[in-house]
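For reference, model_25.cif is printed below; it contains mmCIF, C-alpha atoms.
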data_start
#
loop_
_atom_site.label_atom_id
_atom_site.label_comp_id
_atom_site.auth_asym_id
_atom_site.auth_seq_id
_atom_site.Cartn_x
_atom_site.Cartn_y
_atom_site.Cartn_z
CA MET U 1 159.27 119.14 25.69
CA ILE U 2 162.25 118.64 23.40
CA VAL U 3 163.37 119.65 19.90
CA ALA U 4 164.15 116.90 17.37
CA ASP U 5 166.27 116.96 14.25
CA ALA U 6 165.37 114.96 11.16
CA SER U 7 167.78 112.06 11.72
CA VAL U 8 166.15 110.98 14.98
CA LEU U 9 162.66 111.10 13.47
CA ILE U 10 163.72 109.15 10.41
CA ALA U 11 165.60 106.50 12.38
CA LEU U 12 162.88 105.98 14.99
CA ALA U 13 160.12 105.94 12.37
CA LYS U 14 161.99 103.33 10.28
CA MET U 15 162.49 101.22 13.41
CA ARG U 16 158.81 101.55 14.39
CA ARG U 17 159.91 103.22 17.65
CA LEU U 18 158.79 106.83 17.07
CA ASP U 19 156.34 106.50 19.97
CA LEU U 20 159.31 106.29 22.36
CA LEU U 21 160.07 109.92 21.64
CA ASN U 22 156.64 110.87 22.98
CA LEU U 23 156.86 108.47 25.94
CA VAL U 24 160.28 109.76 27.00
CA TYR U 25 159.97 113.51 26.35
CA GLY U 26 156.31 114.28 25.70
CA ASP U 27 155.58 116.99 23.16
CA THR U 28 158.31 117.35 20.56
CA LEU U 29 159.04 120.40 18.42
CA ILE U 30 160.49 120.37 14.93
CA GLY U 31 161.29 123.22 12.60
CA PRO U 32 159.63 123.66 9.20
CA GLN U 33 162.79 122.46 7.46
CA VAL U 34 162.82 119.23 9.49
CA LYS U 35 159.21 118.64 8.48
CA ALA U 36 160.19 119.24 4.85
CA GLU U 37 163.13 116.81 5.14
CA THR U 38 161.14 114.07 6.88
CA VAL U 39 157.56 114.27 5.65
CA ASP U 40 157.59 116.18 2.37
CA ALA U 41 160.79 114.65 0.99
CA GLY U 42 159.95 111.31 2.60
CA LYS U 43 156.59 111.12 0.83
CA SER U 44 158.17 112.00 -2.51
CA ILE U 45 160.42 108.93 -2.29
CA SER U 46 157.97 106.67 -0.39
CA ALA U 47 160.38 106.47 2.54
CA PRO U 48 159.64 103.80 5.12
CA GLY U 49 158.15 105.26 8.30
CA VAL U 50 156.98 108.59 6.86
CA GLU U 51 153.38 107.69 7.71
CA ARG U 52 154.39 107.34 11.39
CA ILE U 53 155.79 110.87 11.40
CA GLU U 54 152.59 112.15 9.77
CA ARG U 55 150.50 110.31 12.38
CA ALA U 56 152.54 111.90 15.19
CA LEU U 57 151.88 115.32 13.66
CA ASP U 58 148.17 114.52 13.36
CA ASP U 59 148.11 113.26 16.97
CA GLY U 60 149.60 116.60 18.05
CA TRP U 61 152.53 115.46 20.17
CA LEU U 62 154.89 116.21 17.29
CA GLN U 63 154.53 119.87 16.42
CA VAL U 64 155.99 122.09 13.72
CA ALA U 65 157.18 125.29 15.37
CA ARG U 66 156.69 128.69 13.81
CA LEU U 67 160.10 130.27 13.97
CA SER U 68 160.31 133.80 15.29
CA SER U 69 162.34 136.29 13.30
CA LYS U 70 165.09 135.93 15.94
CA GLU U 71 165.10 132.13 15.51
CA LYS U 72 165.22 132.47 11.73
CA HIS U 73 168.17 134.85 12.06
CA ILE U 74 170.00 132.44 14.40
CA ALA U 75 169.37 129.54 12.02
CA LEU U 76 170.67 131.50 9.01
CA SER U 77 173.74 132.50 11.00
CA ILE U 78 174.40 128.86 11.94
CA VAL U 79 174.10 127.78 8.29
CA SER U 80 176.47 130.49 7.08
CA LYS U 81 179.05 130.22 9.90
CA GLY U 82 178.80 126.56 10.83
CA GLY U 83 178.16 124.98 7.46
CA LEU U 84 175.30 122.94 8.89
CA GLY U 85 172.15 122.00 7.04
CA ALA U 86 169.03 124.11 7.40
CA GLY U 87 167.22 121.47 9.47
CA GLU U 88 170.03 121.10 11.97
CA ALA U 89 170.41 124.88 12.17
CA GLU U 90 166.66 125.36 12.83
CA SER U 91 166.71 122.64 15.48
CA ILE U 92 169.62 124.25 17.32
CA ALA U 93 168.09 127.74 16.96
CA LEU U 94 164.76 126.53 18.36
CA ALA U 95 166.41 124.76 21.28
CA SER U 96 168.62 127.76 22.03
CA SER U 97 165.86 130.33 21.87
CA ARG U 98 163.31 128.28 23.81
CA LYS U 99 165.76 126.83 26.36
CA LEU U 100 165.02 123.23 25.35
CA MET U 101 167.21 120.20 24.79
CA VAL U 102 167.69 119.01 21.20
CA ILE U 103 168.06 115.47 19.92
CA ILE U 104 170.70 115.61 17.22
CA ASP U 105 173.12 113.00 15.89
CA ASP U 106 175.42 114.87 13.50
CA ARG U 107 178.83 115.42 15.12
CA ALA U 108 179.33 118.93 13.68
CA ALA U 109 175.82 119.96 14.75
CA ARG U 110 176.44 118.64 18.27
CA SER U 111 179.69 120.60 18.46
CA PHE U 112 177.88 123.74 17.33
CA ALA U 113 175.11 123.15 19.91
CA GLU U 114 177.74 122.71 22.61
CA VAL U 115 179.45 126.00 21.70
CA MET U 116 176.05 127.73 21.87
CA GLY U 117 175.32 126.22 25.29
CA VAL U 118 172.44 124.11 23.97
CA ALA U 119 171.84 120.83 25.80
CA PHE U 120 171.69 117.87 23.43
CA VAL U 121 171.37 114.13 23.32
CA GLY U 122 171.72 111.69 20.45
CA THR U 123 169.26 109.03 19.39
CA ALA U 124 171.18 106.37 21.33
CA GLY U 125 171.05 108.58 24.43
CA MET U 126 167.32 109.02 23.94
CA LEU U 127 166.94 105.24 23.88
CA PHE U 128 168.96 105.03 27.10
CA HIS U 129 166.61 107.56 28.70
CA GLY U 130 163.72 105.36 27.59
CA PHE U 131 165.36 102.40 29.31
CA PHE U 132 166.17 104.41 32.42
CA ILE U 133 162.54 105.46 32.92
CA LYS U 134 161.36 101.90 32.23
CA HIS U 135 159.89 102.26 28.74
CA LEU U 136 162.41 99.68 27.48
CA THR U 137 163.78 96.58 29.17
CA LEU U 138 167.52 95.92 28.98
CA ALA U 139 166.92 93.31 26.26
CA GLU U 140 164.76 95.76 24.28
CA LEU U 141 167.42 98.46 24.65
CA GLU U 142 170.12 96.10 23.41
CA ASP U 143 168.00 95.08 20.41
CA THR U 144 166.98 98.66 19.64
CA VAL U 145 170.54 100.02 19.86
CA GLU U 146 171.68 97.21 17.55
CA GLU U 147 168.89 98.07 15.12
CA LEU U 148 169.75 101.79 15.37
CA SER U 149 173.37 101.03 14.50
CA LYS U 150 172.10 99.43 11.28
CA THR U 151 169.92 102.48 10.55
CA ILE U 152 172.39 105.31 11.24
CA TRP U 153 176.13 105.31 11.81
CA LEU U 154 176.92 105.03 15.49
CA ALA U 155 180.42 105.19 16.88
CA PRO U 156 181.23 101.83 18.46
CA ALA U 157 182.25 103.69 21.63
CA VAL U 158 178.71 105.14 21.88
CA VAL U 159 177.14 101.69 21.64
CA VAL U 160 179.52 100.31 24.27
CA GLU U 161 178.92 103.27 26.62
CA VAL U 162 175.11 103.16 26.36
CA LEU U 163 174.96 99.42 26.96
CA LYS U 164 177.54 99.57 29.77
CA LYS U 165 175.55 102.26 31.60
CA ALA U 166 172.33 100.34 31.11
CA ARG U 167 173.82 97.10 32.44
CA GLU U 168 175.24 98.94 35.46
CA ALA U 169 171.85 100.55 36.14
CA GLU U 170 170.19 97.13 35.87
CA ARG U 171 172.23 95.76 38.81
#
How does this structure look as structure tokens?
Amino acid sequence: MIVADASVLIALAKMRRLDLLNLVYGDTLIGPQVKAETVDAGKSISAPGVERIERALDDGWLQVARLSSKEKHIALSIVSKGGLGAGEAESIALASSRKLMVIIDDRAARSFAEVMGVAFVGTAGMLFHGFFIKHLTLAELEDTVEELSKTIWLAPAVVVEVLKKAREAER
């Protein structure tokens, strides 16, 4: 099980690769704010891929967590101290409280997760995991990382590192 932030859901859904999240990590938790950002707001603007997120929720492998009062308090503290968005704060709070890894792409959110001792991976790292456990071939990984870099901003160094590691593992 893993916790996902909105950016990973949006990117994977747009790329028609949301199923990889389930294949790589199994059940995935999101906070209520992430659901609001992805499904509710997505439907209001007819965002591409929103129906895939809804289907994942209906299928049950993507689940909206009920935040405990402690998790709500942590999330509010992260928003006020870290200046992060509510969705990122909920994702980090859920991962921290439940001892899970979080998939998060925002640099400030990743820094905050690191300070809190929360394990994290980005969307590109998730794709690498998918390759590593044989859900993507090297060619599929290369194509998917290229497509991801057109969907969200990826540091060129991240792209180089992911593809370098994958090519080394392929040998």
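Proximity to U:Gly31 was assessed for U:Ile45, U:Leu136, U:Ala166, U:Val3 counting all atoms listed in the file; the smallest distance is recorded for U:Val3.
The nearest approach to U:Met126 among the residues U:Ile53, U:Ile2, U:Leu29, U:Ile103, with all atoms listed in the file taken into account, belongs to U:Ile103.
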Atom CA of U:Ile104 to atom CA of U:Val8, straight-line distance in Å:
6.9 Å
Between atom CA of U:Gly42 and atom CA of U:Leu76 lies a distance of 23.7 Å
Which is closest to U:Glu88 among U:Ile74, U:Met116, U:Ala109, U:Val158, if we use all atoms listed in the file?
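Closest to U:Glu88, using all atoms listed in the file: U:Ala109.
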For this structure, which residues satisfy the selection - the PyMOL selection byres ((chain U and resi 154) around 12) - when it is evaluated on the file as given? I want them as a ChimeraX atom specification.
/U:11,105-107,122-125,145-153,155-162
